[in-house]
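Peer 1: Okay, handing you the structure first.
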Amino acid sequence: MTKPLTKAQIQDKKVRRLKDKNLSNLLLYRFLNHYGYDKGEITARAIIDDILGLIDDYFLVSSSADDLHHIKAGQLVWMAVPVDEFPARGKSIAQTRLMPVVLSLITNEDIDHIAHGFSSAALRKKRIARLFDEAFDQGALLTQLDLAMILGLCDAVISKYVLQIQSDGHLLPSRGNIHDLSGAITHKREIITLYLEGYLTPDIACKTNHSKEAVDRYIADYHKVHTLWKHDITDLETISQLSRLSKRVAQQYIDLLPEKMKHPLPNNIDPVNTSPVSENLDSMKPIP
């Protein structure tokens with residue numbers, strides 16, 4: 001006959017039963033009974049603790065500005081691709097490392113904007129620029145599709161606003177720009193133009209919201225195409241193979257080559273008179 005439990009023991013048992021109804025034990029049960037896991041309960045609990053720690057990092061706090069803090073009113077957590085997680089051929093987003101970023105959907109500046117005369121287009125452009133910059137400041141990159149979902153707009157509208165913002169000289173640190181996923185060459189043109197004007201890598205990186213490594217990579221790729229073209233290798237297929245750049249990217253760098261390289265004067269052209277030398281000679285013959 002077992003010894004009856006004391007009142008305190010009964011209360012402790014109730015507390016344990018309630019506390020054991022948690023996500024950690026639910027995951028442990030599924031590990032041991034549904035997932036075919038056979039390494040034992042201790043190892044399973046270690047894995048579960050790590051998983052739950054990741055969940056806390058992803059959904060409860062942000063490490064923005066090296067300061068852990070809980071989400072504030074008007075903010076949201078979004079999954080974004082880290083700046084140093086580069087794309088690769090055939091690499092899906094499911095195979096890409098992600099990190100949480102805290103984004104300010106509504107700020108006091110937005111409210112002040114409404115108070116001083118509401119312009120939905122101007123407010124949207126402010127938010128788009130802010131969201132891209134906030135993610136970049138936290139070491140991650142947003143896409144135009146991310147912004148479309150966050151702001152409840154179609155991606156075509158986001159694309160239109162992005163073009164307007166960048167046409168005013170603000171190059172947005174989107175994933176398409178930084179990781180070279182978009183068809184636009186705005187960022188390449190700006191980086192290579194600054195390089196050809198004599199700016200150094202740190203200055204170019206600061207002016208264009210790019211890392212020094214990315215700037216150096218763009219410059220190196222430009223020099224590959226420049227060197228091949230200078231040696232009369234102008235076939236896109238060949239340039240793509242030799243430079244190990246996709247045809248699309250190779251063509252973008254070709255578009256940035258000086259016009260005098262891409263369209264040199266023919267050998268029989270007089271650079272002063274800009275007319276065929278043979279024609280000049282013919283015109284000098286006496287009239288019979």
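Naming works like this for the structure tokens: A, B, ... for the chains as they're shown, residue 1 at the start of each chain, ligands 1 onward in shown order.
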Tell me, which residues of segment 13-130 of chain A carry DSSP helix (DSSP H, G or I), written as a ChimeraX atom specification?
Peer 2: /A:13-19,23-33,41-59,64-66,93-95,108-115,120-130
Peer 1: Excluding Arg127 of chain A and any residue of its chain fewer than 5 positions from it, enumerate the residues within 9 Å of it, using only C-alpha atoms, and give them as a PyMOL selection string.
Peer 2: chain A and resi 104-106+110+122+132+151
Peer 1: For the structure I just gave you, how does DSSP split segment 2-244 of chain A - specifically, which residues are strand (DSSP E or B)? Reply as a VMD selection string.
Peer 2: chain A and resid 61 to 62 69 to 70 75 to 82 99 to 104 140 to 141
Peer 1: Those selected residues, please, written with C-alpha atoms and delivered as a JSON list (two decimals), in the first residue's frame.
Peer 2:
```json
[["chain", "number", "residue", "atom", "x", "y", "z"],
["A", 61, "VAL", "CA", 12.85, 40.04, -30.44],
["A", 62, "SER", "CA", 15.15, 41.79, -32.87],
["A", 69, "HIS", "CA", 14.13, 44.58, -27.81],
["A", 70, "HIS", "CA", 10.55, 43.48, -28.13],
["A", 75, "GLN", "CA", 6.31, 47.29, -36.11],
["A", 76, "LEU", "CA", 6.28, 43.81, -37.58],
["A", 77, "VAL", "CA", 8.71, 40.92, -38.01],
["A", 78, "TRP", "CA", 9.53, 39.81, -41.54],
["A", 79, "MET", "CA", 11.78, 37.08, -42.89],
["A", 80, "ALA", "CA", 14.46, 38.43, -45.20],
["A", 81, "VAL", "CA", 17.58, 37.14, -46.93],
["A", 82, "PRO", "CA", 20.87, 38.15, -45.24],
["A", 99, "MET", "CA", 16.81, 36.01, -40.81],
["A", 100, "PRO", "CA", 14.16, 38.06, -39.00],
["A", 101, "VAL", "CA", 14.07, 41.81, -39.33],
["A", 102, "VAL", "CA", 11.88, 44.30, -37.51],
["A", 103, "LEU", "CA", 10.20, 46.76, -39.86],
["A", 104, "SER", "CA", 8.37, 49.96, -38.97],
["A", 140, "ALA", "CA", 19.16, 41.79, -44.67],
["A", 141, "LEU", "CA", 17.48, 42.50, -48.00]]
```
Peer 1: A:Phe136, A:Tyr222, A:Tyr199, A:Trp229: which is nearest Tyr253 of chain A, counting only C-alpha atoms?
Peer 2: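 Among A:Phe136, A:Tyr222, A:Tyr199, A:Trp229, it is A:Tyr222 that comes nearest to Tyr253 of chain A.
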Peer 1: Would you kindly return, as a PDB file with C-alpha atoms, in the first residue's frame, each protein, DNA or RNA residue with an atom no farther than 8 Å from any atom of segment 242-247 of chain A, considering only C-alpha atoms and excluding same-chain residues fewer than 6 positions away?
Peer 2:
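Writing the result to result.pdb gives the following:
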```pdb
ATOM      1  CA  ASP A 221      33.305  41.605 -63.533  1.00  0.00           C
ATOM      2  CA  LYS A 224      36.550  40.897 -67.371  1.00  0.00           C
ATOM      3  CA  VAL A 225      34.105  42.080 -70.022  1.00  0.00           C
ATOM      4  CA  LEU A 236      27.915  37.456 -76.191  1.00  0.00           C
TER       5      LEU A 236
END
```
Peer 1: Show me, as JSON lines, the residues of segment 87-147 of chain A having an atom within 7 Å of segment 152-167 of chain A, each with the closest atom pair and its distance in Å, using only C-alpha atoms.
Peer 2:
```
{"residue": "A:Lys125", "atom": "CA", "partner": "A:Tyr161", "partner_atom": "CA", "distance": 6.2}
{"residue": "A:Gln144", "atom": "CA", "partner": "A:Ile158", "partner_atom": "CA", "distance": 6.3}
{"residue": "A:Leu145", "atom": "CA", "partner": "A:Asp155", "partner_atom": "CA", "distance": 5.7}
```
Peer 1: Write the selection just made, keeping C-alpha atoms, as a tab-separated table (two decimals), in the first residue's frame?
Peer 2:
```tsv
chain	number	residue	atom	x	y	z
A	125	LYS	CA	7.20	56.03	-51.36
A	144	GLN	CA	9.72	44.19	-54.25
A	145	LEU	CA	7.40	41.21	-53.69
```
Peer 1: Contacts of segment 204-215 of chain A at 12 Å or less, counting only C-alpha atoms, minus same-chain residues fewer than 6 places along, as a short mmCIF file (atom, residue, chain, number, x, y, z; two decimals) with N, CA and C atoms, in the first residue's frame?
Peer 2:
```cif
data_model
loop_
_atom_site.label_atom_id
_atom_site.label_comp_id
_atom_site.auth_asym_id
_atom_site.auth_seq_id
_atom_site.Cartn_x
_atom_site.Cartn_y
_atom_site.Cartn_z
N VAL A 83 22.37 39.78 -46.19
CA VAL A 83 23.15 40.41 -47.25
C VAL A 83 24.22 39.45 -47.78
N ASP A 84 24.79 38.62 -46.90
CA ASP A 84 25.87 37.73 -47.32
C ASP A 84 25.37 36.36 -47.78
N PHE A 86 24.27 34.86 -50.80
CA PHE A 86 24.19 35.17 -52.23
C PHE A 86 23.39 34.12 -52.99
N PHE A 132 13.04 49.26 -47.03
CA PHE A 132 14.26 48.75 -47.64
C PHE A 132 15.48 49.11 -46.80
N ASP A 133 15.55 50.37 -46.35
CA ASP A 133 16.70 50.84 -45.58
C ASP A 133 16.77 50.16 -44.21
N PHE A 136 18.08 46.66 -44.58
CA PHE A 136 19.51 46.70 -44.93
C PHE A 136 20.36 47.05 -43.71
N ASP A 137 19.87 47.98 -42.88
CA ASP A 137 20.60 48.36 -41.67
C ASP A 137 20.73 47.19 -40.70
N GLY A 139 21.15 44.13 -41.77
CA GLY A 139 21.95 43.11 -42.44
C GLY A 139 21.15 42.19 -43.34
N ALA A 140 19.99 42.65 -43.83
CA ALA A 140 19.16 41.79 -44.67
C ALA A 140 18.59 42.60 -45.84
N LEU A 141 17.98 41.88 -46.78
CA LEU A 141 17.48 42.50 -48.00
C LEU A 141 16.03 42.11 -48.26
N GLN A 166 14.18 55.81 -57.32
CA GLN A 166 15.55 55.69 -57.80
C GLN A 166 15.87 56.72 -58.87
N GLY A 169 17.53 59.68 -57.52
CA GLY A 169 18.90 59.56 -57.02
C GLY A 169 19.06 58.72 -55.78
N HIS A 170 17.96 58.14 -55.25
CA HIS A 170 18.05 57.29 -54.06
C HIS A 170 18.07 55.83 -54.51
N LEU A 171 19.26 55.23 -54.55
CA LEU A 171 19.36 53.84 -54.95
C LEU A 171 18.97 52.95 -53.79
N LEU A 172 17.88 52.21 -53.93
CA LEU A 172 17.34 51.41 -52.84
C LEU A 172 18.13 50.11 -52.66
N PRO A 173 18.43 49.74 -51.41
CA PRO A 173 19.16 48.48 -51.16
C PRO A 173 18.22 47.28 -51.18
N SER A 174 17.58 47.06 -52.32
CA SER A 174 16.71 45.90 -52.46
C SER A 174 17.55 44.67 -52.79
N ARG A 175 16.95 43.50 -52.68
CA ARG A 175 17.71 42.29 -53.02
C ARG A 175 18.00 42.25 -54.51
N ASN A 177 18.72 44.74 -56.39
CA ASN A 177 19.88 45.60 -56.64
C ASN A 177 21.16 45.01 -56.07
N ILE A 178 21.13 44.64 -54.80
CA ILE A 178 22.35 44.20 -54.12
C ILE A 178 22.82 42.84 -54.62
N HIS A 179 21.87 41.91 -54.82
CA HIS A 179 22.25 40.57 -55.25
C HIS A 179 22.10 40.36 -56.76
N ASP A 180 21.83 41.45 -57.48
CA ASP A 180 21.83 41.38 -58.93
C ASP A 180 20.78 40.41 -59.47
N THR A 186 20.68 49.78 -62.96
CA THR A 186 20.88 51.08 -62.31
C THR A 186 22.06 51.04 -61.35
N HIS A 187 22.11 50.01 -60.50
CA HIS A 187 23.17 49.94 -59.50
C HIS A 187 24.53 49.69 -60.15
N LYS A 188 24.55 48.84 -61.18
CA LYS A 188 25.82 48.60 -61.87
C LYS A 188 26.32 49.89 -62.51
N ARG A 189 25.42 50.58 -63.19
CA ARG A 189 25.82 51.81 -63.88
C ARG A 189 26.38 52.82 -62.89
N GLU A 190 25.70 52.97 -61.75
CA GLU A 190 26.16 53.95 -60.77
C GLU A 190 27.52 53.55 -60.20
N ILE A 191 27.70 52.28 -59.88
CA ILE A 191 28.96 51.82 -59.30
C ILE A 191 30.10 51.96 -60.30
N ILE A 192 29.89 51.48 -61.51
CA ILE A 192 30.96 51.55 -62.52
C ILE A 192 31.25 52.99 -62.92
N THR A 193 30.22 53.82 -63.00
CA THR A 193 30.43 55.23 -63.32
C THR A 193 31.30 55.91 -62.27
N LEU A 194 30.98 55.66 -61.00
CA LEU A 194 31.79 56.24 -59.92
C LEU A 194 33.21 55.71 -59.97
N TYR A 195 33.36 54.43 -60.27
CA TYR A 195 34.70 53.84 -60.37
C TYR A 195 35.51 54.50 -61.48
N LEU A 196 34.88 54.69 -62.64
CA LEU A 196 35.58 55.30 -63.77
C LEU A 196 35.87 56.78 -63.53
N GLU A 197 35.12 57.38 -62.62
CA GLU A 197 35.38 58.78 -62.27
C GLU A 197 36.49 58.91 -61.24
N GLY A 198 37.01 57.76 -60.76
CA GLY A 198 38.15 57.79 -59.87
C GLY A 198 37.85 57.58 -58.40
N ASP A 221 34.09 42.14 -62.42
CA ASP A 221 33.30 41.60 -63.53
C ASP A 221 33.33 42.56 -64.72
N TYR A 222 33.26 43.86 -64.43
CA TYR A 222 33.33 44.85 -65.51
C TYR A 222 34.67 44.73 -66.25
#
```
Peer 1: Work out how far apart atom CA of Lys91 of chain A and atom CA of Gly176 of chain A are and give it in Å to one decimal.
Peer 2: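 Distance between the two atoms: 15.1 Å.
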Peer 1: Work out how far atom CA of Arg124 of chain A is from atom CA of Met149 of chain A, in Å to one decimal.
Peer 2: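 Spanning atom CA of Met149 of chain A to atom CA of Arg124 of chain A is a straight-line distance of 13.1 Å.
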